[in-house]
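Structure file model-v5.cif (mmCIF, C-alpha atoms (C1' of nucleotides)) follows.
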```cif
data_protein
#
loop_
_atom_site.label_atom_id
_atom_site.label_comp_id
_atom_site.auth_asym_id
_atom_site.auth_seq_id
_atom_site.Cartn_x
_atom_site.Cartn_y
_atom_site.Cartn_z
CA MET J 94 177.26 252.17 162.71
CA ASP J 95 180.42 252.68 160.75
CA LEU J 96 181.98 256.09 160.16
CA ARG J 97 182.04 255.27 156.49
CA GLN J 98 178.39 254.28 156.50
CA ARG J 99 177.41 257.44 158.35
CA ARG J 100 179.31 259.63 155.94
CA ARG J 101 177.79 257.77 153.02
CA LEU J 102 174.30 258.30 154.36
CA GLN J 103 175.03 261.95 155.01
CA THR J 104 176.36 262.53 151.52
CA ALA J 105 173.30 260.85 150.04
CA ARG J 106 171.10 263.23 152.02
CA ASP J 107 173.22 266.26 151.15
CA ILE J 108 172.81 265.49 147.48
CA GLN J 109 169.08 264.94 147.85
CA MET J 110 168.72 268.23 149.72
CA ALA J 111 170.70 270.07 147.06
CA ALA J 112 168.57 268.52 144.33
CA VAL J 113 165.26 269.38 145.99
CA THR J 114 166.38 272.91 146.83
CA LEU J 115 167.57 273.71 143.33
CA ALA J 116 164.56 272.08 141.70
CA LEU J 117 162.24 274.18 143.84
CA ARG J 118 164.19 277.34 143.07
CA HIS J 119 164.74 277.07 139.31
CA GLY J 120 162.62 274.16 138.19
CA LEU J 121 163.89 270.66 137.53
CA ASP J 122 164.54 271.23 133.85
CA CYS J 123 166.89 274.10 134.54
CA THR J 124 168.72 272.11 137.19
CA THR J 125 171.69 270.17 135.86
CA THR J 126 173.42 267.32 137.60
CA ASP J 127 176.50 269.52 137.59
CA ALA J 128 174.70 272.22 139.54
CA ILE J 129 173.36 269.73 142.06
CA ALA J 130 176.80 268.28 142.60
CA LYS J 131 178.27 271.73 143.07
CA GLU J 132 175.55 272.68 145.56
CA ALA J 133 176.18 269.48 147.49
CA ALA J 134 179.92 270.10 147.37
CA VAL J 135 180.85 266.91 145.61
CA SER J 136 182.13 266.15 142.15
CA THR J 137 179.77 265.35 139.32
CA ARG J 138 181.22 261.88 139.21
CA THR J 139 180.35 261.33 142.85
CA PHE J 140 176.78 262.39 142.20
CA PHE J 141 176.40 259.48 139.82
CA ASN J 142 177.93 257.16 142.38
CA TYR J 143 174.93 257.84 144.56
CA TYR J 144 172.04 258.29 142.15
CA PRO J 145 171.60 257.26 138.54
CA ASN J 146 169.95 260.58 137.63
CA LYS J 147 168.31 263.78 138.87
CA GLU J 148 164.94 262.21 139.46
CA ALA J 149 166.30 259.47 141.69
CA ALA J 150 168.28 262.05 143.64
CA ILE J 151 165.12 263.98 144.45
CA LEU J 152 163.09 260.94 145.44
CA GLY J 153 165.96 259.60 147.54
CA GLU J 154 166.30 256.01 148.63
CA ALA J 155 163.41 253.74 147.73
CA LEU J 156 161.84 251.94 150.64
CA LYS J 157 161.62 248.20 150.42
CA ILE J 158 159.19 245.67 151.77
CA ASP J 159 161.06 243.05 153.74
CA MET J 160 159.84 239.63 152.78
CA ALA J 161 160.96 238.44 156.19
CA GLY J 162 158.48 240.61 158.05
CA ALA J 163 155.67 239.33 155.86
CA GLU J 164 155.52 235.80 157.23
CA TRP J 165 152.58 236.57 159.48
CA PHE J 166 150.77 238.08 156.51
CA ILE J 167 151.03 234.95 154.43
CA GLY J 168 149.59 232.80 157.18
CA SER J 169 146.89 235.19 158.34
CA THR J 170 143.20 234.61 157.63
CA ALA J 171 141.95 238.07 158.54
CA PRO J 172 140.21 240.11 155.80
CA LEU J 173 142.68 241.24 153.14
CA PRO J 174 141.99 244.99 153.34
CA GLU J 175 142.87 244.85 157.01
CA ASP J 176 146.04 242.84 156.62
CA LEU J 177 147.22 244.87 153.65
CA GLY J 178 146.73 248.03 155.66
CA LEU J 179 148.87 246.64 158.45
CA LEU J 180 151.58 245.36 156.13
CA LEU J 181 151.94 248.53 154.06
CA GLY J 182 151.26 251.00 156.84
CA ARG J 183 154.24 249.63 158.68
CA LEU J 184 156.51 250.62 155.79
CA TYR J 185 156.49 254.29 156.65
CA GLN J 186 156.68 253.69 160.37
CA VAL J 187 159.98 251.92 159.89
CA ALA J 188 161.52 254.52 157.59
CA PRO J 189 161.66 257.90 159.33
CA VAL J 190 160.55 260.60 156.90
CA GLU J 191 160.43 264.31 157.60
CA ARG J 192 157.03 265.65 156.77
CA ALA J 193 158.53 268.98 155.69
CA LEU J 194 160.96 267.30 153.30
CA LEU J 195 158.24 265.07 151.93
CA MET J 196 156.06 268.06 151.18
CA LYS J 197 158.88 269.75 149.29
CA ILE J 198 159.50 266.59 147.33
CA LEU J 199 155.82 266.23 146.47
CA GLU J 200 155.74 269.84 145.34
CA VAL J 201 158.55 269.18 142.89
CA VAL J 202 157.00 265.90 141.80
CA GLU J 203 153.66 267.49 141.03
CA GLU J 204 155.05 269.92 138.51
CA ASN J 205 157.43 267.59 136.72
CA PRO J 206 156.11 264.83 134.47
CA SER J 207 159.38 262.93 134.43
CA LEU J 208 159.38 262.91 138.21
CA ARG J 209 155.74 261.88 138.41
CA ASP J 210 156.60 258.98 136.18
CA MET J 211 159.50 257.80 138.27
CA PHE J 212 157.37 258.19 141.37
CA HIS J 213 154.87 255.74 139.98
CA VAL J 214 157.58 253.42 138.76
CA ARG J 215 158.79 253.25 142.35
CA GLY J 216 155.32 252.20 143.34
CA LYS J 217 155.35 249.47 140.75
CA ALA J 218 158.57 248.06 142.18
CA THR J 219 156.91 247.83 145.57
CA ALA J 220 153.86 246.24 144.01
CA ASP J 221 155.97 243.59 142.32
CA VAL J 222 157.35 242.44 145.64
CA LEU J 223 153.92 242.58 147.20
CA ALA J 224 152.56 240.46 144.37
CA ASP J 225 154.89 237.65 145.34
CA ILE J 226 153.79 237.86 148.95
CA LEU J 227 150.15 237.87 147.94
CA THR J 228 150.65 234.91 145.65
CA ALA J 229 152.15 233.01 148.56
CA ARG J 230 149.03 233.78 150.59
CA LEU J 231 146.37 233.24 147.96
CA GLY J 232 147.95 230.33 146.13
CA GLU J 233 149.48 229.91 142.68
CA ASP J 234 146.06 229.59 141.09
CA ARG J 235 145.25 233.19 142.07
CA GLN J 236 148.18 234.91 140.38
CA ILE J 237 145.98 237.37 138.56
CA GLU J 238 144.17 238.38 141.71
CA ALA J 239 147.50 238.77 143.47
CA ARG J 240 148.94 240.99 140.76
CA LEU J 241 145.91 243.25 140.45
CA LEU J 242 145.37 243.52 144.17
CA SER J 243 149.00 244.35 144.88
CA ASP J 244 148.84 247.25 142.42
CA LEU J 245 145.65 248.43 144.03
CA ALA J 246 147.04 248.18 147.53
CA VAL J 247 150.15 250.16 146.69
CA ARG J 248 147.96 252.81 145.13
CA ALA J 249 145.95 252.91 148.33
CA LEU J 250 149.22 253.37 150.20
CA THR J 251 150.22 256.23 147.92
CA GLU J 252 146.95 258.01 148.57
CA ALA J 253 147.43 257.51 152.28
CA VAL J 254 150.89 259.03 152.13
CA LEU J 255 149.57 262.01 150.20
CA ASN J 256 146.93 262.45 152.88
CA TRP J 257 149.52 262.30 155.62
CA ALA J 258 151.70 264.88 153.91
CA LYS J 259 148.84 267.35 153.64
CA ASP J 260 146.88 266.66 156.80
CA ARG J 261 148.70 267.74 159.94
CA ASP J 262 146.15 266.00 162.12
CA MET J 263 146.91 262.64 160.65
CA ARG J 264 149.46 260.55 162.52
CA LEU J 265 151.75 257.89 161.12
CA ASP J 266 149.82 255.35 163.19
CA ASP J 267 146.70 256.14 161.19
CA MET J 268 148.30 255.07 157.94
CA SER J 269 147.20 251.45 158.19
CA ALA J 270 143.62 252.41 158.91
CA VAL J 271 143.51 254.80 155.96
CA ILE J 272 144.86 252.17 153.60
CA THR J 273 142.31 249.64 154.80
CA ASP J 274 139.56 252.20 154.43
CA ASN J 275 140.66 253.06 150.91
CA LEU J 276 140.58 249.40 149.92
CA ARG J 277 137.14 248.86 151.45
CA ARG J 278 135.79 251.85 149.53
CA VAL J 279 136.90 250.35 146.25
CA ALA J 280 135.41 246.98 147.11
CA ARG J 281 132.15 248.65 148.03
CA VAL J 282 131.87 250.70 144.86
CA MET J 283 132.53 247.67 142.68
CA THR J 284 129.61 245.56 143.86
CA MET D 63 143.90 260.26 103.57
CA ASP D 64 146.65 262.59 102.52
CA LEU D 65 149.82 261.39 100.85
CA ARG D 66 151.76 263.28 103.46
CA GLN D 67 149.83 261.68 106.31
CA ARG D 68 150.30 258.24 104.83
CA ARG D 69 154.02 258.77 104.49
CA ARG D 70 154.20 260.07 108.03
CA LEU D 71 152.42 257.03 109.38
CA GLN D 72 154.63 254.76 107.31
CA THR D 73 157.80 256.40 108.56
CA ALA D 74 156.61 256.08 112.14
CA ARG D 75 156.07 252.37 111.58
CA ASP D 76 159.39 251.96 109.79
CA ILE D 77 161.19 253.45 112.74
CA GLN D 78 159.28 251.29 115.20
CA MET D 79 160.06 248.18 113.16
CA ALA D 80 163.72 249.09 113.02
CA ALA D 81 163.80 249.69 116.75
CA VAL D 82 162.09 246.42 117.62
CA THR D 83 164.23 244.44 115.20
CA LEU D 84 167.52 245.82 116.45
CA ALA D 85 166.50 245.54 120.09
CA LEU D 86 165.63 241.88 119.58
CA ARG D 87 168.89 241.24 117.77
CA HIS D 88 171.42 243.02 119.96
CA GLY D 89 169.53 244.04 123.08
CA LEU D 90 168.11 247.47 123.74
CA ASP D 91 171.19 248.74 125.58
CA CYS D 92 173.43 248.06 122.61
CA THR D 93 170.99 249.70 120.22
CA THR D 94 171.66 253.41 119.72
CA THR D 95 169.22 255.90 118.28
CA ASP D 96 171.74 256.38 115.50
CA ALA D 97 171.57 252.71 114.59
CA ILE D 98 167.79 252.71 114.61
CA ALA D 99 167.68 255.75 112.36
CA LYS D 100 170.14 254.18 109.97
CA GLU D 101 168.13 250.92 109.87
CA ALA D 102 164.97 252.88 109.18
CA ALA D 103 166.77 254.92 106.50
CA VAL D 104 166.17 258.31 108.06
CA SER D 105 168.45 260.81 109.72
CA THR D 106 168.99 260.78 113.45
CA ARG D 107 167.29 264.12 113.66
CA THR D 108 164.20 262.74 112.00
CA PHE D 109 164.08 259.91 114.51
CA PHE D 110 163.63 262.47 117.26
CA ASN D 111 160.94 264.19 115.25
CA TYR D 112 158.86 261.03 115.63
CA TYR D 113 159.78 259.68 119.05
CA PRO D 114 161.36 261.31 122.08
CA ASN D 115 163.56 258.27 122.74
CA LYS D 116 164.28 254.62 122.03
CA GLU D 117 161.67 253.32 124.44
CA ALA D 118 158.86 255.33 122.91
CA ALA D 119 159.93 254.17 119.46
CA ILE D 120 159.55 250.55 120.46
CA LEU D 121 156.19 250.98 122.14
CA GLY D 122 154.89 253.04 119.22
CA GLU D 123 151.94 255.37 119.42
CA ALA D 124 150.08 255.39 122.70
CA LEU D 125 146.38 254.65 122.43
CA LYS D 126 144.04 257.17 123.95
CA ILE D 127 140.63 256.90 125.52
CA ASP D 128 138.25 259.26 123.78
CA MET D 129 136.26 261.16 126.35
CA ALA D 130 133.57 261.59 123.72
CA GLY D 131 132.84 257.88 123.48
CA ALA D 132 132.52 257.66 127.24
CA GLU D 133 129.25 259.55 127.59
CA TRP D 134 127.21 256.38 127.84
CA PHE D 135 129.55 255.13 130.53
CA ILE D 136 129.02 258.14 132.77
CA GLY D 137 125.27 257.79 132.62
CA SER D 138 125.08 254.01 132.90
CA THR D 139 123.91 252.25 136.05
CA ALA D 140 125.09 248.77 135.19
CA PRO D 141 127.66 247.12 137.49
CA LEU D 142 131.06 248.82 137.23
CA PRO D 143 133.12 245.73 136.34
CA GLU D 144 130.84 245.18 133.36
CA ASP D 145 130.92 248.77 132.13
CA LEU D 146 134.66 249.10 132.65
CA GLY D 147 135.18 245.95 130.62
CA LEU D 148 133.14 247.37 127.79
CA LEU D 149 134.84 250.77 127.89
CA LEU D 150 138.40 249.50 128.00
CA GLY D 151 137.90 246.46 125.83
CA ARG D 152 136.81 248.72 123.02
CA LEU D 153 140.19 250.45 123.07
CA TYR D 154 141.99 247.63 121.33
CA GLN D 155 139.17 246.94 118.94
CA VAL D 156 139.52 250.45 117.58
CA ALA D 157 143.30 250.39 117.22
CA PRO D 158 144.37 247.58 114.90
CA VAL D 159 147.38 245.80 116.39
CA GLU D 160 149.28 242.93 114.83
CA ARG D 161 149.52 240.08 117.28
CA ALA D 162 152.94 239.11 115.91
CA LEU D 163 154.30 242.61 116.36
CA LEU D 164 152.82 242.87 119.83
CA MET D 165 154.51 239.63 120.84
CA LYS D 166 157.87 240.93 119.65
CA ILE D 167 157.36 244.16 121.53
CA LEU D 168 156.42 242.33 124.70
CA GLU D 169 159.49 240.16 124.35
CA VAL D 170 161.70 243.23 124.29
CA VAL D 171 159.75 244.86 127.10
CA GLU D 172 160.12 241.87 129.38
CA GLU D 173 163.88 241.93 129.31
CA ASN D 174 164.40 245.67 129.63
CA PRO D 175 163.66 247.46 132.88
CA SER D 176 163.58 250.88 131.27
CA LEU D 177 160.97 249.65 128.81
CA ARG D 178 158.95 247.95 131.51
CA ASP D 179 158.88 251.26 133.31
CA MET D 180 157.71 253.24 130.32
CA PHE D 181 155.13 250.57 129.61
CA HIS D 182 153.79 251.07 133.07
CA VAL D 183 153.88 254.85 132.71
CA ARG D 184 151.76 254.53 129.58
CA GLY D 185 149.20 252.68 131.62
CA LYS D 186 149.20 255.44 134.19
CA ALA D 187 148.44 258.02 131.52
CA THR D 188 145.43 256.00 130.47
CA ALA D 189 144.39 255.62 134.09
CA ASP D 190 144.54 259.37 134.63
CA VAL D 191 142.02 259.96 131.87
CA LEU D 192 139.85 257.13 133.12
CA ALA D 193 139.93 258.63 136.60
CA ASP D 194 138.27 261.77 135.29
CA ILE D 195 135.57 259.73 133.58
CA LEU D 196 134.99 257.68 136.71
CA THR D 197 134.79 260.79 138.84
CA ALA D 198 132.11 262.12 136.52
CA ARG D 199 130.16 258.91 137.04
CA LEU D 200 130.66 258.40 140.77
CA GLY D 201 130.56 262.02 141.85
CA GLU D 202 133.14 264.43 143.21
CA ASP D 203 132.85 262.94 146.69
CA ARG D 204 134.21 259.64 145.44
CA GLN D 205 137.49 260.90 144.01
CA ILE D 206 139.57 258.37 145.90
CA GLU D 207 137.45 255.48 144.72
CA ALA D 208 137.69 256.82 141.17
CA ARG D 209 141.46 257.08 141.27
CA LEU D 210 142.08 253.67 142.78
CA LEU D 211 139.55 251.93 140.61
CA SER D 212 140.88 253.49 137.41
CA ASP D 213 144.34 252.19 138.21
CA LEU D 214 142.91 248.78 138.91
CA ALA D 215 140.88 248.71 135.73
CA VAL D 216 143.83 249.65 133.56
CA ARG D 217 145.82 246.90 135.21
CA ALA D 218 143.02 244.49 134.41
CA LEU D 219 143.21 245.68 130.81
CA THR D 220 146.95 245.11 130.72
CA GLU D 221 146.53 241.55 131.93
CA ALA D 222 143.86 240.99 129.32
CA VAL D 223 146.17 242.22 126.57
CA LEU D 224 148.95 239.96 127.80
CA ASN D 225 146.51 237.07 127.67
CA TRP D 226 145.48 237.94 124.17
CA ALA D 227 149.08 238.14 122.97
CA LYS D 228 149.85 234.66 124.30
CA ASP D 229 146.58 232.84 123.76
CA ARG D 230 145.81 232.24 120.10
CA ASP D 231 142.31 231.07 120.94
CA MET D 232 141.39 234.38 122.48
CA ARG D 233 139.66 236.86 120.21
CA LEU D 234 139.67 240.63 120.43
CA ASP D 235 135.94 240.44 121.17
CA ASP D 236 136.72 238.54 124.36
CA MET D 237 138.77 241.39 125.77
CA SER D 238 135.87 243.07 127.50
CA ALA D 239 134.75 239.86 129.15
CA VAL D 240 138.25 239.11 130.40
CA ILE D 241 138.61 242.57 131.91
CA THR D 242 135.26 242.26 133.65
CA ASP D 243 136.21 238.84 134.92
CA ASN D 244 139.54 240.11 136.25
CA LEU D 245 137.80 242.90 138.14
CA ARG D 246 135.22 240.54 139.61
CA ARG D 247 137.98 238.22 140.83
CA VAL D 248 139.61 241.05 142.74
CA ALA D 249 136.32 242.12 144.27
CA ARG D 250 135.65 238.54 145.33
CA VAL D 251 139.02 237.99 146.94
CA MET D 252 138.75 241.21 148.92
CA THR D 253 135.58 240.38 150.81
"C1'" DC F 79 153.24 278.03 87.24
"C1'" DG F 80 153.96 279.80 91.74
"C1'" DC F 81 153.17 280.12 96.57
"C1'" DC F 82 152.67 278.08 101.00
"C1'" DA F 83 153.01 274.40 104.28
"C1'" DC F 84 155.43 270.84 105.90
"C1'" DG F 85 158.82 267.12 106.41
"C1'" DT F 86 163.78 266.13 106.29
"C1'" DT F 87 168.35 266.98 107.26
"C1'" DG F 88 172.95 268.74 108.99
"C1'" DC F 89 175.07 271.12 112.44
"C1'" DA F 90 176.17 272.89 116.79
"C1'" DC F 91 175.75 272.45 121.43
"C1'" DA F 92 174.39 271.41 126.26
"C1'" DG F 93 173.69 267.71 129.10
"C1'" DT F 94 173.76 262.62 130.57
"C1'" DG F 95 175.94 258.52 132.18
"C1'" DT F 96 179.95 255.17 132.51
"C1'" DG F 97 184.59 252.98 132.61
"C1'" DC F 98 189.06 253.53 134.25
"C1'" DA F 99 192.85 254.60 137.05
"C1'" DA F 100 195.02 257.49 140.63
"C1'" DT F 101 194.70 259.31 145.14
"C1'" DG F 102 193.69 259.63 149.91
"C1'" DA F 103 191.24 258.15 153.92
"C1'" DT F 104 189.09 254.36 156.85
"C1'" DT F 105 189.16 249.87 158.55
"C1'" DA F 106 190.97 245.48 159.84
"C1'" DC F 107 194.54 242.61 161.10
"C1'" DT F 108 198.91 241.40 163.54
"C1'" DA H 245 201.62 251.06 166.38
"C1'" DG H 246 202.19 249.55 161.82
"C1'" DT H 247 200.89 247.48 157.69
"C1'" DA H 248 197.75 245.82 154.28
"C1'" DA H 249 193.24 245.65 152.41
"C1'" DT H 250 189.17 248.21 151.47
"C1'" DC H 251 186.46 251.85 149.99
"C1'" DA H 252 185.00 256.63 148.59
"C1'" DT H 253 186.19 260.51 145.79
"C1'" DT H 254 187.71 262.57 141.86
"C1'" DG H 255 189.37 263.87 137.05
"C1'" DC H 256 189.33 262.52 132.57
"C1'" DA H 257 187.92 260.67 128.32
"C1'" DC H 258 184.34 259.19 125.70
"C1'" DA H 259 179.88 257.63 123.70
"C1'" DC H 260 175.25 258.75 123.63
"C1'" DT H 261 170.98 261.70 124.20
"C1'" DG H 262 168.01 265.34 122.95
"C1'" DT H 263 166.94 270.10 121.08
"C1'" DG H 264 167.08 274.59 118.60
"C1'" DC H 265 167.92 276.52 114.32
"C1'" DA H 266 168.30 277.30 109.57
"C1'" DA H 267 168.49 275.49 104.94
"C1'" DC H 268 166.59 272.75 101.54
"C1'" DG H 269 163.26 270.14 98.86
"C1'" DT H 270 158.81 268.21 97.89
"C1'" DG H 271 153.65 267.87 98.04
"C1'" DG H 272 149.29 270.47 98.07
"C1'" DC H 273 146.54 273.91 96.04
"C1'" DG H 274 144.86 277.98 93.65
#
```
Let me see whether you can do it: turn the structure in this file into structure tokens.
Amino acid sequence: MDLRQRRRLQTARDIQMAAVTLALRHGLDCTTTDAIAKEAAVSTRTFFNYYPNKEAAILGEALKIDMAGAEWFIGSTAPLPEDLGLLLGRLYQVAPVERALLMKILEVVEENPSLRDMFHVRGKATADVLADILTARLGEDRQIEARLLSDLAVRALTEAVLNWAKDRDMRLDDMSAVITDNLRRVARVMT
Amino acid sequence: MDLRQRRRLQTARDIQMAAVTLALRHGLDCTTTDAIAKEAAVSTRTFFNYYPNKEAAILGEALKIDMAGAEWFIGSTAPLPEDLGLLLGRLYQVAPVERALLMKILEVVEENPSLRDMFHVRGKATADVLADILTARLGEDRQIEARLLSDLAVRALTEAVLNWAKDRDMRLDDMSAVITDNLRRVARVMT
DNA sequence: CGCCACGTTGCACAGTGTGCAATGATTACT
DNA sequence: AGTAATCATTGCACACTGTGCAACGTGGCG
């Protein structure tokens, strides 16, 4: 990995840290982009080179589904709740996330409507990609099912992540199982 | 209805019209709040008295589920897809919406990420209320099911509205049936 | 008529986000 | 090693966003 790339990654994290710290201390509303930049020891202009706004800075980089790693999913014939659990559970195993940091972030998110909103918008972005994958598996004539189910699955993922953040006994490996379980519960309650 | 209330409603609509018109003509990014205010013949300050930002102005008033009218839902024992269809389908029968206006709005929404996001956030707000209603029906020990299912149901509603906007043959009365059908499709594909 | 409530407006001000160009450091190439 | 290309940082200027406040005017009501 490049020196430049390492520095870039570090700066991104510095800014995120500064943002989370200040938001926890004074509240997000009272935290200006100027203050965050100063805390992270960069110029205001640089802040905007990394994140488009406060909210994005706190949430950090969005994690992306890689279409490439979804080939097996498209071809699989196993039950959907199971496969979706595997596909989405892997997301957080790939991206290393500190549980402590995540908890801080969630604390800030919970008490800030604008942040809650962006949090869910992030989920929608993931769901949009997943919808394409699901359409490839189910066929073009099941677009509606694909769209609704992808939303549902991402929501199941979100709940699983919330669980993981709060429950120390839960391991990252359990994520897939929790997602699958969540999906099965919904299916059960609907019939 | 009061003269004042009528004027207030009218102004709100004037501003929305102005916003939609200008956004369609020049694109949302090139449309400033100043321009919208001018087009609607009010001051910029007044614009912000009605809407917190451009996006909200274009989407107009958010429609709210009335907890009061959901009593029957909580007590009902009919299949959930059916009841959810009835509950949510009623939403758009209560609020009179011009199909032509809705189509314009959707056109602007489709080509503006920030609007797409706020559109989705609106849905989440509805889902949050619905989650409470569903929890009341399913019981406190089914919170997860309630949360996931409420998201799913609102998504089914959104799809139904999109259908209605595009399909001239579809009537408002059909909304409930479409929602129910959407939910059943998801349940079917999951098993 | 006269009082109160409420909507509108201008103004000032803090904060947001972007384009541009200069500077300095890293990387790549020879 | 030396040179050229590349990239990140930064300051600056500027347009736009959103809010608090106070003044003003009109509708509602006794």
Counting all atoms listed in the file, give me one row per residue of chain J with an atom at most 9 Å from an atom of chain D, showing the shortest contact pair and its distance in Å to one decimal, sorted by chain then residue number, as CSV.
```
residue,atom,partner,partner_atom,distance
J:Pro172,CA,D:Thr253,CA,6.8
J:Leu173,CA,D:Met252,CA,5.8
J:Pro174,CA,D:Met252,CA,6.7
J:Asp210,CA,D:Val183,CA,6.0
J:Met211,CA,D:Asp179,CA,8.2
J:His213,CA,D:Val183,CA,7.4
J:Val214,CA,D:Asp179,CA,6.0
J:Lys217,CA,D:His182,CA,8.0
J:Leu231,CA,D:Val251,CA,8.8
J:Arg235,CA,D:Arg247,CA,8.9
J:Ile237,CA,D:Asn244,CA,7.4
J:Glu238,CA,D:Val248,CA,5.4
J:Ala239,CA,D:Val248,CA,8.2
J:Arg240,CA,D:Arg217,CA,8.7
J:Leu241,CA,D:Arg217,CA,6.4
J:Leu242,CA,D:Val248,CA,6.4
J:Asp244,CA,D:Leu214,CA,7.1
J:Leu245,CA,D:Leu214,CA,5.8
J:Ala246,CA,D:Leu210,CA,8.8
J:Arg248,CA,D:Leu210,CA,6.4
J:Ala249,CA,D:Leu210,CA,6.8
J:Glu252,CA,D:Ile206,CA,7.9
J:Asn275,CA,D:Glu207,CA,7.4
J:Leu276,CA,D:Met252,CA,8.5
J:Arg277,CA,D:Met252,CA,8.2
J:Arg278,CA,D:Glu207,CA,6.3
J:Val279,CA,D:Glu207,CA,5.4
J:Ala280,CA,D:Ala249,CA,5.7
J:Arg281,CA,D:Ala249,CA,8.6
J:Val282,CA,D:Glu207,CA,7.3
J:Met283,CA,D:Leu142,CA,5.8
J:Thr284,CA,D:Pro141,CA,6.8
```
Report as CSV: every residue of chain H with an atom at most 12 Å from chain D, its closest pair of atoms, and their distance in Å to one decimal, counting all atoms listed in the file, with rows sorted by chain and ascending residue number.
```
residue,atom,partner,partner_atom,distance
H:DA259,C1',D:Thr94,CA,10.1
H:DC260,C1',D:Thr94,CA,7.5
H:DT261,C1',D:Asn115,CA,8.3
H:DG262,C1',D:Phe110,CA,7.7
H:DT263,C1',D:Phe110,CA,9.2
H:DG264,C1',D:Arg107,CA,11.6
H:DT270,C1',D:Arg66,CA,10.2
H:DG271,C1',D:Arg66,CA,7.3
H:DG272,C1',D:Arg66,CA,9.3
```
Picked residues, the PyMOL selection byres ((chain J and resi 255) around 12), expected as a VMD selection string: (chain J and resid 192 195 to 196 198 to 200 202 to 203 248 to 254 256 to 261 263 265 268 271 to 272) or (chain D and resid 206)
Write the residues you've just listed into a file as a CSV table (one decimal), in the frame of the given file, and include C-alpha atoms for each of them.
```csv
chain,number,residue,atom,x,y,z
J,192,ARG,CA,157.0,265.6,156.8
J,195,LEU,CA,158.2,265.1,151.9
J,196,MET,CA,156.1,268.1,151.2
J,198,ILE,CA,159.5,266.6,147.3
J,199,LEU,CA,155.8,266.2,146.5
J,200,GLU,CA,155.7,269.8,145.3
J,202,VAL,CA,157.0,265.9,141.8
J,203,GLU,CA,153.7,267.5,141.0
J,248,ARG,CA,148.0,252.8,145.1
J,249,ALA,CA,146.0,252.9,148.3
J,250,LEU,CA,149.2,253.4,150.2
J,251,THR,CA,150.2,256.2,147.9
J,252,GLU,CA,147.0,258.0,148.6
J,253,ALA,CA,147.4,257.5,152.3
J,254,VAL,CA,150.9,259.0,152.1
J,256,ASN,CA,146.9,262.4,152.9
J,257,TRP,CA,149.5,262.3,155.6
J,258,ALA,CA,151.7,264.9,153.9
J,259,LYS,CA,148.8,267.4,153.6
J,260,ASP,CA,146.9,266.7,156.8
J,261,ARG,CA,148.7,267.7,159.9
J,263,MET,CA,146.9,262.6,160.6
J,265,LEU,CA,151.8,257.9,161.1
J,268,MET,CA,148.3,255.1,157.9
J,271,VAL,CA,143.5,254.8,156.0
J,272,ILE,CA,144.9,252.2,153.6
D,206,ILE,CA,139.6,258.4,145.9
```
Gap from CA of Leu177 in chain J to CA of Gln236 in chain J - Å, one decimal: 16.6 Å
Length of the CA of Ala112 in chain J to CA of Ala188 in chain J vector [Å]: 20.5 Å
The PyMOL selection byres ((chain F) within 9 of (chain J)) resolved against shown file, as number ranges by chain: F: 93-95, 104
Spatial neighbours of DT108 in chain F, 12 Å, all atoms listed in the file, chain gap at least 3 places, as a PyMOL selection string: chain H and resi 245-248
Only C-alpha atoms (C1' of nucleotides), please: the residues just picked out, written as a tab-separated table (two decimals), keeping the file's coordinate frame.
```
chain	number	residue	atom	x	y	z
H	245	DA	C1'	201.62	251.06	166.38
H	246	DG	C1'	202.19	249.55	161.82
H	247	DT	C1'	200.89	247.48	157.69
H	248	DA	C1'	197.75	245.82	154.28
```
